[in-house]
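Raw upload_4.txt, compact mmCIF, C-alpha atoms:
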# COMPACT_ATOMS: atom_id res chain seq x y z
CA MET N 1335 5.60 24.95 38.30
CA ASP N 1336 2.15 24.47 39.80
CA THR N 1337 1.12 21.20 41.42
CA LYS N 1338 -1.11 20.03 38.57
CA SER N 1339 1.62 20.60 35.97
CA MET N 1340 4.13 18.81 38.18
CA ILE N 1341 1.79 15.83 38.53
CA ILE N 1342 1.28 15.74 34.76
CA ASP N 1343 5.04 15.90 34.05
CA ILE N 1344 5.99 13.18 36.51
CA THR N 1345 3.02 10.95 35.69
CA THR N 1346 3.68 11.26 31.95
CA THR N 1347 7.19 9.94 32.49
CA LEU N 1348 5.90 7.08 34.64
CA PHE N 1349 3.27 6.11 32.05
CA GLN N 1350 5.84 6.26 29.26
CA GLN N 1351 8.25 4.06 31.19
CA LYS N 1352 5.84 1.53 32.69
CA GLY N 1353 2.54 1.89 30.86
CA TYR N 1354 -0.77 2.89 32.39
CA LYS N 1355 -1.43 -0.42 34.10
CA GLY N 1356 2.14 -0.66 35.37
CA VAL N 1357 1.82 2.53 37.42
CA GLY N 1358 -0.28 2.51 40.55
CA LEU N 1359 -1.74 5.53 42.27
CA ASN N 1360 0.57 5.05 45.26
CA GLU N 1361 3.60 5.26 42.99
CA ILE N 1362 2.29 8.49 41.46
CA LEU N 1363 1.69 9.93 44.93
CA LYS N 1364 5.19 8.93 46.08
CA GLU N 1365 7.00 10.22 42.98
CA CYS N 1366 5.05 13.49 43.06
CA ASN N 1367 5.40 13.77 46.85
CA ILE N 1368 1.71 14.62 47.23
CA SER N 1369 -1.23 13.33 49.20
CA LYS N 1370 -4.13 11.37 47.76
CA GLY N 1371 -6.35 14.38 48.49
CA SER N 1372 -4.08 16.65 46.46
CA PHE N 1373 -4.13 14.22 43.54
CA TYR N 1374 -7.93 13.95 43.58
CA HIS N 1375 -8.24 17.73 43.92
CA HIS N 1376 -6.58 18.06 40.51
CA PHE N 1377 -7.96 14.84 38.98
CA PRO N 1378 -11.35 14.12 40.64
CA ASN N 1379 -12.00 11.19 38.29
CA GLY N 1380 -8.72 9.52 39.17
CA LYS N 1381 -5.83 8.00 37.29
CA GLU N 1382 -7.55 7.84 33.89
CA GLU N 1383 -8.26 11.58 34.04
CA ALA N 1384 -4.57 12.12 34.83
CA LEU N 1385 -3.67 9.91 31.85
CA ILE N 1386 -5.81 12.03 29.55
CA ALA N 1387 -4.13 15.20 30.85
CA CYS N 1388 -0.74 13.54 30.25
CA LEU N 1389 -1.73 12.58 26.71
CA GLN N 1390 -2.92 16.11 25.98
CA SER N 1391 0.33 17.52 27.31
CA MET N 1392 2.33 15.07 25.18
CA SER N 1393 0.18 15.96 22.19
CA ASP N 1394 0.92 19.66 22.61
CA ALA N 1395 4.67 19.02 22.93
CA VAL N 1396 4.88 16.55 20.03
CA THR N 1397 2.79 18.59 17.59
CA SER N 1398 4.59 21.81 18.51
CA ASP N 1399 7.91 20.11 17.80
CA ILE N 1400 6.70 18.70 14.48
CA GLU N 1401 5.22 22.07 13.43
CA ASP N 1402 8.51 23.78 14.26
CA ILE N 1403 10.49 21.33 12.13
CA PHE N 1404 8.01 21.45 9.24
CA ASN N 1405 8.02 25.27 9.31
CA ARG N 1406 11.82 25.44 9.21
CA TYR N 1407 12.35 23.30 6.12
CA PRO N 1408 11.05 24.18 2.66
CA THR N 1409 9.92 20.72 1.55
CA THR N 1410 8.21 17.74 3.12
CA GLN N 1411 11.20 15.56 2.22
CA GLU N 1412 13.66 17.75 4.12
CA ALA N 1413 11.34 18.24 7.10
CA THR N 1414 10.58 14.53 7.33
CA ARG N 1415 14.24 13.58 7.20
CA LYS N 1416 15.10 16.16 9.91
CA MET N 1417 12.20 15.03 12.10
CA ILE N 1418 13.26 11.38 11.90
CA GLU N 1419 16.91 12.34 12.50
CA LYS N 1420 15.81 14.16 15.65
CA VAL N 1421 13.99 11.04 16.91
CA ILE N 1422 17.06 8.93 16.11
CA GLY N 1423 19.20 11.41 18.09
CA ILE N 1424 16.88 11.08 21.09
CA PHE N 1425 17.14 7.29 20.88
CA GLU N 1426 20.93 7.41 20.68
CA ARG N 1427 21.17 9.77 23.69
CA GLU N 1428 18.49 8.27 25.92
CA GLY N 1429 18.30 4.65 24.76
CA THR N 1430 14.54 5.06 24.31
CA ILE N 1431 12.07 7.14 22.35
CA THR N 1432 8.96 6.62 24.41
CA SER N 1433 8.61 10.39 24.71
CA CYS N 1434 8.00 10.56 20.95
CA THR N 1435 5.05 8.19 20.72
CA PHE N 1436 1.77 7.13 22.27
CA ILE N 1437 1.91 3.61 20.85
CA SER N 1438 2.21 1.80 24.16
CA ILE N 1439 -0.66 3.73 25.72
CA VAL N 1440 -2.89 3.30 22.67
CA SER N 1441 -2.28 -0.43 22.53
CA GLU N 1442 -2.77 -0.82 26.28
CA MET N 1443 -5.74 1.48 26.87
CA GLY N 1444 -7.28 2.30 23.49
CA SER N 1445 -9.75 -0.56 23.55
CA LEU N 1446 -10.60 -0.05 27.23
CA SER N 1447 -11.34 3.67 27.28
CA ASP N 1448 -13.01 5.53 24.47
CA GLN N 1449 -11.87 8.85 25.92
CA VAL N 1450 -8.22 7.73 25.92
CA ARG N 1451 -8.58 6.37 22.37
CA THR N 1452 -10.14 9.65 21.20
CA THR N 1453 -7.38 11.70 22.85
CA CYS N 1454 -4.74 9.61 21.06
CA GLU N 1455 -6.65 9.81 17.79
CA ASP N 1456 -6.62 13.61 18.07
CA LEU N 1457 -2.83 13.61 18.33
CA TYR N 1458 -2.40 11.45 15.26
CA LEU N 1459 -4.87 13.62 13.32
CA LYS N 1460 -2.94 16.77 14.31
CA MET N 1461 0.27 15.16 13.08
CA GLN N 1462 -1.38 14.13 9.82
CA ARG N 1463 -2.69 17.68 9.28
CA ILE N 1464 0.84 19.06 9.67
CA TYR N 1465 2.17 16.56 7.12
CA SER N 1466 -0.76 17.06 4.76
CA THR N 1467 -0.49 20.85 4.83
CA LYS N 1468 3.19 20.66 3.91
CA LEU N 1469 2.46 18.14 1.13
CA VAL N 1470 -0.21 20.42 -0.35
CA ALA N 1471 2.34 23.26 -0.27
CA ASP N 1472 4.69 20.91 -2.17
CA GLY N 1473 2.06 20.58 -4.91
CA PHE N 1474 0.14 17.44 -3.99
CA SER N 1475 -3.63 17.45 -4.22
CA LYS N 1476 -5.42 17.60 -0.87
CA GLU N 1477 -6.71 14.03 -1.29
CA THR N 1478 -3.28 12.63 -2.15
CA ALA N 1479 -1.65 14.66 0.62
CA ASN N 1480 -4.10 13.26 3.18
CA SER N 1481 -3.38 9.70 2.04
CA ILE N 1482 0.38 10.23 2.13
CA ALA N 1483 0.10 11.81 5.60
CA ILE N 1484 -1.55 8.64 6.91
CA MET N 1485 1.25 6.57 5.38
CA MET N 1486 3.86 8.86 6.93
CA ASN N 1487 2.29 8.54 10.36
CA ALA N 1488 2.08 4.77 10.07
CA SER N 1489 5.68 4.48 8.82
CA ILE N 1490 7.20 6.69 11.48
CA GLU N 1491 5.16 5.27 14.36
CA GLY N 1492 5.87 1.74 13.15
CA GLY N 1493 9.56 2.60 12.88
CA ILE N 1494 9.56 3.88 16.45
CA MET N 1495 7.96 0.65 17.65
CA LEU N 1496 10.54 -1.42 15.76
CA CYS N 1497 13.38 0.66 17.23
CA LEU N 1498 12.02 0.08 20.72
CA THR N 1499 11.63 -3.67 20.22
CA GLN N 1500 14.95 -4.14 18.41
CA LYS N 1501 16.87 -1.66 20.60
CA SER N 1502 18.32 -0.29 17.38
CA ILE N 1503 18.04 2.88 15.28
CA GLU N 1504 18.13 0.84 12.07
CA PRO N 1505 14.35 0.87 11.39
CA LEU N 1506 14.15 4.67 11.61
CA THR N 1507 17.37 5.04 9.64
CA VAL N 1508 15.86 2.97 6.82
CA ILE N 1509 12.64 5.01 6.96
CA SER N 1510 14.64 8.25 6.99
CA ASN N 1511 16.44 7.15 3.83
CA LEU N 1512 13.40 5.82 1.96
CA LEU N 1513 10.37 7.86 3.04
CA PRO N 1514 11.54 11.27 1.77
CA ASN N 1515 12.09 9.75 -1.69
CA LEU N 1516 8.44 8.68 -1.74
CA LEU N 1517 7.38 12.26 -1.03
CA LYS N 1518 8.71 13.75 -4.25
CA LYS N 1519 6.07 15.28 -6.48
CA VAL N 1520 6.25 13.53 -9.85

Before we go any further, please render this structure as structure tokens.
Amino acid sequence: MDTKSMIIDITTTLFQQKGYKGVGLNEILKECNISKGSFYHHFPNGKEEALIACLQSMSDAVTSDIEDIFNRYPTTQEATRKMIEKVIGIFEREGTITSCTFISIVSEMGSLSDQVRTTCEDLYLKMQRIYSTKLVADGFSKETANSIAIMMNASIEGGIMLCLTQKSIEPLTVISNLLPNLLKKV
């Protein structure tokens, strides 16, 4: 793994665990075992540039995972249920699901940095396109599919936030049981 990728991987984990403001540059340097010069060689504009690289890396991983699940299952209902079950499994194994969401970073940095907000918006739009494409394949009109995709994103992301705050899988379990039923073409 090259140095830049290593910095992104380690810094992503730090941001997920402690938030952007909770992680100082010195902690990043220590955890990555690099000098300040090496960090600024890869991220000349500093910590926020590293955050954006982390968000883009997370976006690629999350959307690739969602696309894989949605390509494996024939209907939106089945794919959605499997996707949520996977997130629940991560929570049960790791006791957290911060790797599945940007919520903490969006709420912390979205109003402070337009570039961070835009990077997060791009992820959510990619997710919505995956959902919408599958819904259109299930027979929904493009307009209805786009609206449902927004609702799916909001439900799942909200469920993740509730799981994190309640330290329980119950919110996602409820969503996993109810949301697929709402996705049936009438």

If I take atom CA of Glu1419 of chain N and atom CA of Ile1464 of chain N, how far is one from the other in Å, to one decimal?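 Spanning atom CA of Glu1419 of chain N to atom CA of Ile1464 of chain N is a straight-line distance of 17.6 Å.
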
In Å, rounded to a single decimal, give me how far atom CA of Ala1387 of chain N is from atom CA of Thr1346 of chain N.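 Atom-to-atom, atom CA of Thr1346 of chain N to atom CA of Ala1387 of chain N, that is 8.8 Å.
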
| field | Distance query Lys1338 of chain N at most 10 Å, all atoms listed in the file, self and fewer than 6 positions along chain excluded, as a PyMOL selection string | value | chain N and resi 1372-1373+1375-1377+1384+1387

Which of these residues is nearest to Ser1466 of chain N, using only C-alpha atoms: N:Cys1366, N:Leu1385, N:Ile1484, N:Ala1395?
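So, comparing all the options, the nearest one is N:Ile1484.
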
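You will find atom CA of Asn1487 of chain N at 17.7 Å from atom CA of Asn1405 of chain N.
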
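Nearest residue to Thr1397 of chain N, choosing from N:Asp1336, N:Asp1456, N:Glu1504, N:Glu1477 and counting only C-alpha atoms: N:Asp1456.
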
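The smallest atom-to-atom distance between Ala1413 of chain N and any of N:Leu1512, N:Ile1400, N:Cys1454, N:Ile1368, using all atoms listed in the file, is found for N:Ile1400.
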
Residue neighbourhood Ser1502 of chain N, 9 Å, all atoms listed in the file, exclusion window fewer than 3 positions, as an MDAnalysis selection string: chainID N and resid 1425:1426 1429 1496:1499 1505:1506

The centre and edge lengths of an axis-aligned box containing all atoms of segment 1350-1359 of chain N present in the file, extended by 6 Å on each side, are to be given in Å to one decimal, as lines of an AutoDock Vina configuration file.
center_x = 3.3
center_y = 2.8
center_z = 35.8
size_x = 22.0
size_y = 18.9
size_z = 25.0

task = Please provide as a ChimeraX atom specification all residues within 12 Å of Arg1427 of chain N, with the sequence filter that same-chain residues fewer than 6 positions apart are discarded (counting only C-alpha atoms).
result = /N:1420-1421,1503

Store the residues of this selection in a file with C-alpha atoms, as a PDB file, in the coordinates of the input.
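Below is the file result.pdb, written as the result:
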ATOM      1  CA  LYS N1420      15.810  14.160  15.650  1.00  0.00           C
ATOM      2  CA  VAL N1421      13.990  11.040  16.910  1.00  0.00           C
ATOM      3  CA  ILE N1503      18.040   2.880  15.280  1.00  0.00           C
TER       4      ILE N1503
END

Contact residues around Pro1408 of chain N with all atoms listed in the file at 10 Å, ignoring same-chain residues under 6 positions, as a PDB file with C-alpha atoms, in the coordinates of the input:
ATOM      1  CA  LYS N1468       3.190  20.660   3.910  1.00  0.00           C
ATOM      2  CA  ALA N1471       2.340  23.260  -0.270  1.00  0.00           C
ATOM      3  CA  ASP N1472       4.690  20.910  -2.170  1.00  0.00           C
TER       4      ASP N1472
END

*What lies within 7 Å of Pro1514 of chain N using only C-alpha atoms, ignoring chain neighbours under 4 positions off, as a list of chain:residue names?*
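My reading of the contact set: N:Gln1411, N:Thr1414, N:Arg1415, N:Ser1510.
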
Counting only C-alpha atoms, the option among N:Arg1451, N:Glu1382, N:Ser1369, N:Met1417 closest to Lys1355 of chain N:
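Under the stated criterion, the closest residue is N:Glu1382.
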
For Asp1343 of chain N, the closest of N:Gln1390, N:Thr1478, N:Gln1500, N:Asn1379 counting all atoms listed in the file is N:Gln1390
